[in-house]
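What's in input-v5.cif: mmCIF, C-alpha atoms
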```cif
data_protein
loop_
_atom_site.label_atom_id
_atom_site.label_comp_id
_atom_site.auth_asym_id
_atom_site.auth_seq_id
_atom_site.Cartn_x
_atom_site.Cartn_y
_atom_site.Cartn_z
CA MET A 1 15.67 -10.79 -45.16
CA ALA A 2 12.95 -12.66 -43.26
CA LYS A 3 10.40 -10.60 -41.31
CA LEU A 4 11.33 -10.29 -37.66
CA GLY A 5 7.73 -10.02 -36.42
CA ASN A 6 7.86 -13.81 -36.55
CA PRO A 7 9.35 -15.14 -33.25
CA LYS A 8 11.19 -17.96 -35.08
CA ASN A 9 13.09 -15.45 -37.25
CA THR A 10 13.90 -13.32 -34.21
CA ILE A 11 15.37 -16.32 -32.37
CA GLU A 12 17.42 -17.27 -35.45
CA ILE A 13 19.02 -13.84 -35.82
CA LEU A 14 19.72 -13.56 -32.07
CA ASN A 15 21.38 -16.98 -32.07
CA LYS A 16 23.39 -16.20 -35.21
CA TYR A 17 24.93 -13.15 -33.56
CA GLU A 18 25.08 -14.79 -30.10
CA PHE A 19 23.27 -11.73 -28.85
CA SER A 20 22.86 -11.36 -25.10
CA PHE A 21 20.20 -8.98 -23.78
CA GLN A 22 21.54 -5.96 -21.94
CA LYS A 23 19.56 -5.25 -18.79
CA LYS A 24 21.03 -1.73 -18.62
CA PHE A 25 19.37 -0.91 -21.97
CA GLY A 26 16.02 -2.43 -21.00
CA GLN A 27 15.90 -4.58 -24.14
CA ASN A 28 12.62 -6.33 -24.97
CA PHE A 29 12.03 -7.04 -28.67
CA LEU A 30 8.54 -7.16 -30.19
CA VAL A 31 7.50 -10.51 -31.68
CA ASP A 32 3.88 -9.88 -32.63
CA THR A 33 2.83 -8.77 -36.12
CA HIS A 34 -0.60 -7.54 -34.92
CA VAL A 35 1.05 -5.08 -32.54
CA LEU A 36 3.47 -3.94 -35.26
CA ASP A 37 0.48 -3.25 -37.53
CA LYS A 38 -1.25 -1.32 -34.75
CA ILE A 39 1.82 0.91 -34.23
CA VAL A 40 2.08 1.73 -37.94
CA ARG A 41 -1.68 2.46 -38.06
CA ALA A 42 -1.58 4.59 -34.91
CA ALA A 43 1.26 6.66 -36.37
CA ASP A 44 -0.72 7.00 -39.62
CA ILE A 45 2.47 6.50 -41.62
CA THR A 46 2.40 7.34 -45.33
CA LYS A 47 4.92 7.36 -48.16
CA ASP A 48 5.51 11.09 -47.48
CA ASP A 49 6.69 10.59 -43.90
CA PHE A 50 10.15 11.01 -42.40
CA ILE A 51 10.28 8.82 -39.28
CA LEU A 52 12.63 9.08 -36.34
CA GLU A 53 12.83 5.73 -34.57
CA ILE A 54 14.42 5.58 -31.13
CA GLY A 55 15.72 2.17 -30.07
CA PRO A 56 15.26 -0.01 -33.19
CA GLY A 57 16.74 -3.04 -31.42
CA ILE A 58 17.21 -5.74 -34.07
CA GLY A 59 15.07 -3.83 -36.59
CA THR A 60 11.69 -5.55 -36.15
CA LEU A 61 9.58 -2.39 -36.23
CA THR A 62 12.14 -0.65 -38.46
CA GLN A 63 11.35 -3.07 -41.31
CA TYR A 64 7.66 -2.07 -41.11
CA LEU A 65 8.50 1.63 -40.97
CA CYS A 66 10.76 1.35 -44.04
CA GLU A 67 7.95 -0.35 -45.99
CA HIS A 68 5.35 2.27 -45.11
CA GLY A 69 7.33 5.52 -44.83
CA LYS A 70 9.59 7.61 -47.03
CA GLN A 71 12.71 7.71 -44.84
CA VAL A 72 13.64 6.23 -41.46
CA LEU A 73 16.35 7.53 -39.15
CA ALA A 74 16.96 4.95 -36.42
CA ILE A 75 19.01 5.76 -33.31
CA GLU A 76 20.40 2.77 -31.42
CA ILE A 77 22.56 3.06 -28.29
CA ASP A 78 23.84 -0.56 -28.23
CA LYS A 79 26.85 -0.97 -30.52
CA ASN A 80 26.40 -4.77 -30.43
CA LEU A 81 23.18 -4.35 -32.40
CA ILE A 82 24.72 -2.40 -35.28
CA PRO A 83 25.97 -5.48 -37.24
CA VAL A 84 22.58 -7.15 -36.64
CA LEU A 85 20.77 -4.09 -38.05
CA GLU A 86 23.09 -4.04 -41.06
CA GLU A 87 21.80 -7.51 -41.92
CA THR A 88 18.11 -7.17 -40.99
CA LEU A 89 17.76 -3.82 -42.83
CA ALA A 90 19.96 -4.74 -45.84
CA ASP A 91 16.92 -4.87 -48.17
CA TYR A 92 15.95 -1.24 -47.49
CA ASP A 93 17.60 1.81 -49.04
CA ASN A 94 15.50 4.34 -47.08
CA VAL A 95 16.99 3.83 -43.63
CA GLU A 96 19.97 5.31 -41.76
CA VAL A 97 21.15 3.95 -38.42
CA ILE A 98 23.05 6.12 -35.93
CA ASN A 99 24.83 4.40 -33.04
CA GLU A 100 24.39 7.01 -30.30
CA ASP A 101 22.59 7.85 -27.08
CA VAL A 102 19.52 9.84 -28.23
CA LEU A 103 19.72 12.07 -25.15
CA LYS A 104 23.16 13.29 -26.23
CA LEU A 105 22.31 14.08 -29.85
CA ASP A 106 21.41 17.46 -31.30
CA LEU A 107 18.22 16.14 -32.88
CA LYS A 108 17.13 19.55 -34.11
CA LYS A 109 20.32 19.90 -36.18
CA ILE A 110 20.11 16.30 -37.49
CA ILE A 111 16.47 16.68 -38.57
CA GLU A 112 17.24 20.01 -40.21
CA GLU A 113 20.05 18.32 -42.21
CA ARG A 114 18.11 15.13 -43.10
CA ASN A 115 14.60 16.52 -43.58
CA GLY A 116 14.97 20.25 -44.15
CA GLY A 117 13.31 21.04 -40.82
CA ASN A 118 10.00 19.60 -42.06
CA LYS A 119 7.66 17.75 -39.70
CA ILE A 120 8.61 14.26 -38.63
CA LYS A 121 6.89 11.35 -36.92
CA VAL A 122 8.58 9.75 -33.92
CA VAL A 123 8.16 6.04 -33.22
CA ALA A 124 9.86 4.32 -30.31
CA ASN A 125 9.79 1.14 -28.25
CA LEU A 126 11.25 2.82 -25.18
CA PRO A 127 13.20 1.18 -22.38
CA TYR A 128 11.01 1.68 -19.31
CA TYR A 129 13.71 3.24 -17.15
CA ILE A 130 14.26 6.14 -19.55
CA THR A 131 10.74 6.79 -20.89
CA THR A 132 10.18 10.15 -19.19
CA PRO A 133 13.55 11.78 -20.04
CA ILE A 134 13.16 10.81 -23.72
CA ILE A 135 9.55 12.01 -24.05
CA MET A 136 10.25 15.29 -22.24
CA GLY A 137 13.53 15.71 -24.17
CA LEU A 138 11.66 15.44 -27.49
CA PHE A 139 9.22 18.18 -26.44
CA GLU A 140 11.82 20.45 -24.87
CA SER A 141 14.05 20.24 -27.97
CA ASN A 142 11.30 22.08 -29.85
CA LEU A 143 11.45 19.64 -32.78
CA PRO A 144 9.01 19.81 -35.72
CA ILE A 145 7.00 16.77 -34.60
CA GLU A 146 3.67 15.72 -36.09
CA ASN A 147 3.09 12.88 -33.64
CA ILE A 148 4.91 10.59 -31.22
CA ILE A 149 3.97 6.92 -30.95
CA VAL A 150 5.74 5.19 -28.07
CA MET A 151 5.59 1.74 -26.58
CA VAL A 152 5.78 2.29 -22.83
CA GLN A 153 5.00 0.48 -19.61
CA LYS A 154 1.19 0.34 -19.20
CA GLU A 155 1.44 2.04 -15.82
CA VAL A 156 3.34 4.99 -17.37
CA ALA A 157 0.80 5.33 -20.20
CA ASP A 158 -2.00 5.41 -17.61
CA ARG A 159 -0.19 8.10 -15.63
CA ILE A 160 0.45 10.27 -18.69
CA GLN A 161 -3.19 10.34 -19.75
CA SER A 162 -4.67 10.69 -16.23
CA GLY A 163 -6.57 13.71 -14.96
CA PRO A 164 -6.85 15.48 -11.56
CA GLY A 165 -8.13 13.57 -8.55
CA THR A 166 -7.06 10.13 -9.81
CA LYS A 167 -4.37 7.99 -8.18
CA ASP A 168 -2.34 7.91 -11.43
CA TYR A 169 -2.30 11.71 -11.86
CA GLY A 170 1.17 13.14 -11.29
CA SER A 171 3.80 15.57 -12.51
CA ILE A 172 4.34 13.57 -15.73
CA SER A 173 0.58 13.84 -16.51
CA VAL A 174 0.63 17.64 -16.25
CA ALA A 175 4.00 18.06 -18.01
CA VAL A 176 3.13 15.91 -21.02
CA GLN A 177 -0.42 17.31 -21.33
CA TYR A 178 1.08 20.81 -21.45
CA TYR A 179 2.83 19.77 -24.68
CA ALA A 180 0.50 17.18 -26.23
CA LYS A 181 -2.81 15.33 -26.23
CA PRO A 182 -2.24 11.73 -25.09
CA TYR A 183 -4.30 8.63 -25.77
CA ILE A 184 -3.66 4.89 -25.53
CA ALA A 185 -4.00 3.18 -28.94
CA ALA A 186 -3.45 -0.40 -27.72
CA ASN A 187 -2.60 -2.42 -24.65
CA VAL A 188 0.17 -4.97 -25.21
CA PRO A 189 0.60 -8.04 -22.97
CA PRO A 190 4.06 -9.33 -21.92
CA ASN A 191 3.91 -12.35 -24.25
CA CYS A 192 4.31 -10.04 -27.28
CA PHE A 193 7.97 -9.47 -26.35
CA MET A 194 11.20 -11.40 -26.16
CA PRO A 195 12.26 -11.71 -23.42
CA ARG A 196 8.91 -11.31 -21.68
CA PRO A 197 8.83 -8.26 -19.40
CA LYS A 198 7.21 -8.63 -15.97
CA VAL A 199 4.64 -5.92 -16.72
CA GLY A 200 2.15 -5.02 -19.44
CA SER A 201 2.85 -2.33 -22.04
CA ALA A 202 0.81 0.14 -24.05
CA VAL A 203 1.09 1.97 -27.36
CA LEU A 204 0.79 5.63 -26.40
CA CYS A 205 0.02 8.32 -28.98
CA LEU A 206 1.04 11.91 -28.29
CA THR A 207 -0.21 14.64 -30.62
CA PRO A 208 1.63 17.91 -29.92
CA HIS A 209 -0.54 21.01 -29.48
CA ASP A 210 -0.09 23.70 -32.13
CA ASN A 211 -0.11 26.14 -29.20
CA PRO A 212 0.08 25.21 -25.50
CA PRO A 213 -3.44 24.97 -24.00
CA VAL A 214 -2.31 27.35 -21.23
CA GLN A 215 -0.08 30.43 -21.20
CA VAL A 216 2.68 30.54 -18.57
CA LYS A 217 4.95 33.51 -17.89
CA ASP A 218 7.89 31.44 -16.68
CA ASP A 219 8.24 27.90 -18.08
CA LYS A 220 10.99 26.94 -15.66
CA LEU A 221 8.96 27.99 -12.61
CA PHE A 222 5.86 26.23 -13.98
CA PHE A 223 7.65 22.87 -14.22
CA GLN A 224 9.35 23.35 -10.83
CA ILE A 225 5.93 23.93 -9.24
CA ILE A 226 4.51 20.80 -10.86
CA ARG A 227 7.41 18.66 -9.63
CA SER A 228 7.23 20.09 -6.11
CA ALA A 229 3.44 19.64 -5.96
CA PHE A 230 3.73 15.88 -6.49
CA ASN A 231 7.10 15.18 -4.82
CA GLN A 232 5.43 14.51 -1.48
CA ARG A 233 1.90 13.49 -2.39
CA ARG A 234 0.68 13.32 1.20
CA LYS A 235 1.63 16.93 1.89
CA THR A 236 -0.56 19.93 1.16
CA LEU A 237 0.40 22.00 -1.85
CA VAL A 238 1.46 24.89 0.40
CA ASN A 239 3.90 22.69 2.31
CA GLY A 240 5.15 20.97 -0.84
CA LEU A 241 5.99 24.29 -2.49
CA TYR A 242 7.38 25.88 0.66
CA ASN A 243 9.61 22.90 1.54
CA ALA A 244 10.92 22.58 -2.02
CA GLY A 245 12.70 25.92 -1.63
CA ILE A 246 12.16 26.86 -5.27
CA ILE A 247 10.43 30.16 -4.49
CA ASN A 248 11.58 32.80 -2.07
CA LEU A 249 8.15 33.39 -0.51
CA THR A 250 6.60 32.86 2.93
CA LYS A 251 4.02 30.16 3.60
CA GLU A 252 1.40 32.90 3.97
CA GLU A 253 2.23 34.31 0.52
CA ILE A 254 1.98 30.85 -1.06
CA SER A 255 -1.33 30.23 0.76
CA GLU A 256 -2.70 33.53 -0.52
CA ALA A 257 -1.79 32.58 -4.11
CA ILE A 258 -3.62 29.26 -3.74
CA THR A 259 -6.78 30.88 -2.34
CA ARG A 260 -6.83 33.13 -5.41
CA LEU A 261 -7.51 29.94 -7.40
CA ASP A 262 -10.69 29.45 -5.28
CA LYS A 263 -9.03 26.44 -3.69
CA PRO A 264 -8.86 25.65 0.06
CA VAL A 265 -5.49 26.32 1.71
CA ASN A 266 -5.08 22.62 2.55
CA VAL A 267 -5.53 21.48 -1.07
CA ARG A 268 -3.09 18.88 -2.43
CA GLY A 269 -1.34 19.12 -5.78
CA GLU A 270 -3.25 16.19 -7.26
CA ALA A 271 -6.49 18.24 -7.14
CA LEU A 272 -5.24 20.96 -9.52
CA THR A 273 -5.88 20.94 -13.25
CA LEU A 274 -3.28 21.93 -15.85
CA GLU A 275 -5.05 25.33 -16.12
CA GLU A 276 -4.89 25.84 -12.35
CA PHE A 277 -1.19 24.97 -12.24
CA ALA A 278 -0.59 27.55 -14.98
CA SER A 279 -2.59 30.21 -13.07
CA LEU A 280 -0.73 29.42 -9.84
CA SER A 281 2.61 29.64 -11.63
CA ASN A 282 1.67 33.06 -13.07
CA ILE A 283 0.46 34.38 -9.67
CA LEU A 284 3.65 33.21 -7.91
CA SER A 285 5.77 34.60 -10.75
CA GLU A 286 4.27 38.04 -10.14
CA LYS A 287 4.87 37.78 -6.38
CA ILE A 288 8.50 36.80 -6.87
#
```
Structure re-expressed in structure tokens:
Amino acid sequence: MAKLGNPKNTIEILNKYEFSFQKKFGQNFLVDTHVLDKIVRAADITKDDFILEIGPGIGTLTQYLCEHGKQVLAIEIDKNLIPVLEETLADYDNVEVINEDVLKLDLKKIIEERNGGNKIKVVANLPYYITTPIIMGLFESNLPIENIIVMVQKEVADRIQSGPGTKDYGSISVAVQYYAKPYIAANVPPNCFMPRPKVGSAVLCLTPHDNPPVQVKDDKLFFQIIRSAFNQRRKTLVNGLYNAGIINLTKEEISEAITRLDKPVNVRGEALTLEEFASLSNILSEKI
């Protein structure tokens, strides 16, 4: 089968199957071999690696993963792409395609069955509208992940790796950095995709921490506080937490907890570091 990193081959296979792009699945297929090489390099894929690919599309990146890795498990939500994948991946005996919504699968069970619970690498060209649920779902599922390499909207990649006091810093920055160390391996312009998206993309690498960099007493409360702190960016942290109704405390009690961080009472959420959010969560947990 011809390599799909070549735009001509991509057009041929799409025409052959009269494939129409589904807006609801956010489909944009890579047509740039340099970017494909960068993804494989960023994931540091070797012949010992079991790779979980989310959203293989027509199999462009999947072909590369099969050539470099030991085994590829590709999960594709669009049933119209399954016959296409059967053709484009016909030359490879180390790939399995599952036609499912990744958010509805018991990935832990599947990885245990396919890879004996050993560490995996996750590679994905994610639809922009569902980036956050998939990334957070991977972490919350407590999977044995060595690294996650995702193609995401450039703006989202910037937000995920941002720090306190910057305009991009938000709840997703704190939440992801609690689980992993992020860095951007490559910026990818719109002309590397078919069809061309309206925005730039980035290859984002997430290396999970062996242990979280902070200790929190109540995970659920910690994430609720983060969300509430950024829900209304213009509000002070006290008002954001009080109005969210997630904690049964007075404004004065919340203010007192914030001052214990050596922060002014009128501080906004975007000024707090991951460590300070963890401390605040632990203080409020005690008060509750």
Compile the contact shell of Val214 (chain A) as an NGL selection string: residues with an atom at most 12 Å away, counting all atoms listed in the file, same-chain residues fewer than 4 positions apart removed.
:A and (174-175 or 177-180 or 209-210 or 218-219 or 222 or 273-282)
Matched chain/residue IDs from the PyMOL selection byres ((chain A and resi 28) around 6), as a VMD selection string
chain A and resid 27 29 193 to 195
Point out the residue among A:Pro127, A:Pro264, A:Pro208, A:Pro56 with the least atom-to-atom distance to Val97 (chain A), counting all atoms listed in the file.
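Closest residue, counting all atoms listed in the file: A:Pro56.
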I'd like the neighbourhood of region 166-169 of chain A as an mmCIF file with C-alpha atoms, in the coordinates of the input, where a residue qualifies if any of its atoms comes within 9 Å (using all atoms listed in the file), though same-chain residues fewer than 5 positions away should be ignored.
```
data_model
loop_
_atom_site.group_PDB
_atom_site.id
_atom_site.type_symbol
_atom_site.label_atom_id
_atom_site.label_comp_id
_atom_site.auth_asym_id
_atom_site.auth_seq_id
_atom_site.Cartn_x
_atom_site.Cartn_y
_atom_site.Cartn_z
ATOM 1 C CA GLU A 155 1.440 2.040 -15.820
ATOM 2 C CA VAL A 156 3.340 4.990 -17.370
ATOM 3 C CA ASP A 158 -2.000 5.410 -17.610
ATOM 4 C CA ARG A 159 -0.190 8.100 -15.630
ATOM 5 C CA ILE A 160 0.450 10.270 -18.690
ATOM 6 C CA GLN A 161 -3.190 10.340 -19.750
ATOM 7 C CA VAL A 174 0.630 17.640 -16.250
ATOM 8 C CA GLU A 270 -3.250 16.190 -7.260
ATOM 9 C CA ALA A 271 -6.490 18.240 -7.140
#
```
Nearest to Arg227 (chain A) by atom-to-atom distance, counting only C-alpha atoms, from A:Gln215, A:Asn191, A:Ser171, A:Asn239:
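Of A:Gln215, A:Asn191, A:Ser171, A:Asn239, the one nearest Arg227 (chain A) is A:Ser171, counting only C-alpha atoms.
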Please, what distance in Å, to one decimal, runs between CA of Asp78 (chain A) and CA of Asn99 (chain A)?
7.0 Å
Let me know the residues the PyMOL selection byres ((chain A and resi 157) around 12) catches in the file above, as a compact mmCIF listing (two decimals) with C-alpha atoms, in the frame of the given file.
```txt
# COMPACT_ATOMS: atom_id res chain seq x y z
CA LEU A 126 11.25 2.82 -25.18
CA TYR A 128 11.01 1.68 -19.31
CA THR A 131 10.74 6.79 -20.89
CA THR A 132 10.18 10.15 -19.19
CA ILE A 135 9.55 12.01 -24.05
CA ILE A 149 3.97 6.92 -30.95
CA VAL A 150 5.74 5.19 -28.07
CA MET A 151 5.59 1.74 -26.58
CA VAL A 152 5.78 2.29 -22.83
CA GLN A 153 5.00 0.48 -19.61
CA LYS A 154 1.19 0.34 -19.20
CA GLU A 155 1.44 2.04 -15.82
CA VAL A 156 3.34 4.99 -17.37
CA ASP A 158 -2.00 5.41 -17.61
CA ARG A 159 -0.19 8.10 -15.63
CA ILE A 160 0.45 10.27 -18.69
CA GLN A 161 -3.19 10.34 -19.75
CA SER A 162 -4.67 10.69 -16.23
CA ASP A 168 -2.34 7.91 -11.43
CA TYR A 169 -2.30 11.71 -11.86
CA GLY A 170 1.17 13.14 -11.29
CA ILE A 172 4.34 13.57 -15.73
CA SER A 173 0.58 13.84 -16.51
CA VAL A 176 3.13 15.91 -21.02
CA PRO A 182 -2.24 11.73 -25.09
CA TYR A 183 -4.30 8.63 -25.77
CA ILE A 184 -3.66 4.89 -25.53
CA ALA A 185 -4.00 3.18 -28.94
CA ALA A 186 -3.45 -0.40 -27.72
CA ASN A 187 -2.60 -2.42 -24.65
CA VAL A 188 0.17 -4.97 -25.21
CA GLY A 200 2.15 -5.02 -19.44
CA SER A 201 2.85 -2.33 -22.04
CA ALA A 202 0.81 0.14 -24.05
CA VAL A 203 1.09 1.97 -27.36
CA LEU A 204 0.79 5.63 -26.40
CA CYS A 205 0.02 8.32 -28.98
CA LEU A 206 1.04 11.91 -28.29
```
Using only the atoms of region 48-66 of chain A listed in the file, plus 6 Å on each side, state the axis-aligned box centre and edge lengths in Å rounded to one decimal, as lines of an AutoDock Vina configuration file.
```
center_x = 11.4
center_y = 2.7
center_z = -38.8
size_x = 23.7
size_y = 28.8
size_z = 29.4
```
Would you pick out the contacts of Leu237 (chain A) at 7 Å or less, using all atoms listed in the file, so that residues sharing its chain but fewer than 2 positions from it are not included, and give the list as a ChimeraX atom specification?
/A:229,235,239-241,267-269
Rank A:Leu65, A:Ile13, A:Leu81, A:Ile283 by their smallest atom-to-atom distance to Ile258 (chain A), using only C-alpha atoms, and report the top residue only.
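Among the listed residues, the smallest separation from Ile258 (chain A) belongs to A:Ile283.
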Quote the spacing between CA of Ala90 (chain A) and CA of Thr60 (chain A) in Å to one decimal place.
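Interatomic distance, CA of Ala90 (chain A) to CA of Thr60 (chain A): 12.8 Å.
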Using the chain letters and numbering of this document, enumerate as a PyMOL selection string the residues selected by the PyMOL selection byres ((chain A and resi 107) around 12).
chain A and resi 52-54+73-75+98+100-106+108-115+117+120+122+134+137-145
Extract, using only C-alpha atoms, all DNA, RNA and protein residues at most 10 Å from Asp93 (chain A), discarding same-chain residues fewer than 3 positions from it, and format them as a VMD selection string.
chain A and resid 66 71 to 72 89 to 90 96
Lys47 (chain A) surroundings by only C-alpha atoms, 7 Å radius, close-in-sequence under 4 positions cut, as a PyMOL selection string:
chain A and resi 68-70
Mind writing the picked residues with C-alpha atoms as a PDB file, in the frame of the given file?
```
ATOM      1  CA  HIS A  68       5.350   2.270 -45.110  1.00  0.00           C
ATOM      2  CA  GLY A  69       7.330   5.520 -44.830  1.00  0.00           C
ATOM      3  CA  LYS A  70       9.590   7.610 -47.030  1.00  0.00           C
TER       4      LYS A  70
END
```
Rounded to one decimal in Å, what is the spacing between CA of Ser228 (chain A) and CA of Glu286 (chain A)?
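Value for the CA of Ser228 (chain A)-CA of Glu286 (chain A) distance: 18.6 Å.
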Can you work out which one of A:Glu86, A:Asp262, A:Glu67, A:Glu12 has the shortest atom-to-atom distance to Asp37 (chain A), counting all atoms listed in the file?
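Nearest candidate to Asp37 (chain A) out of A:Glu86, A:Asp262, A:Glu67, A:Glu12: A:Glu67.
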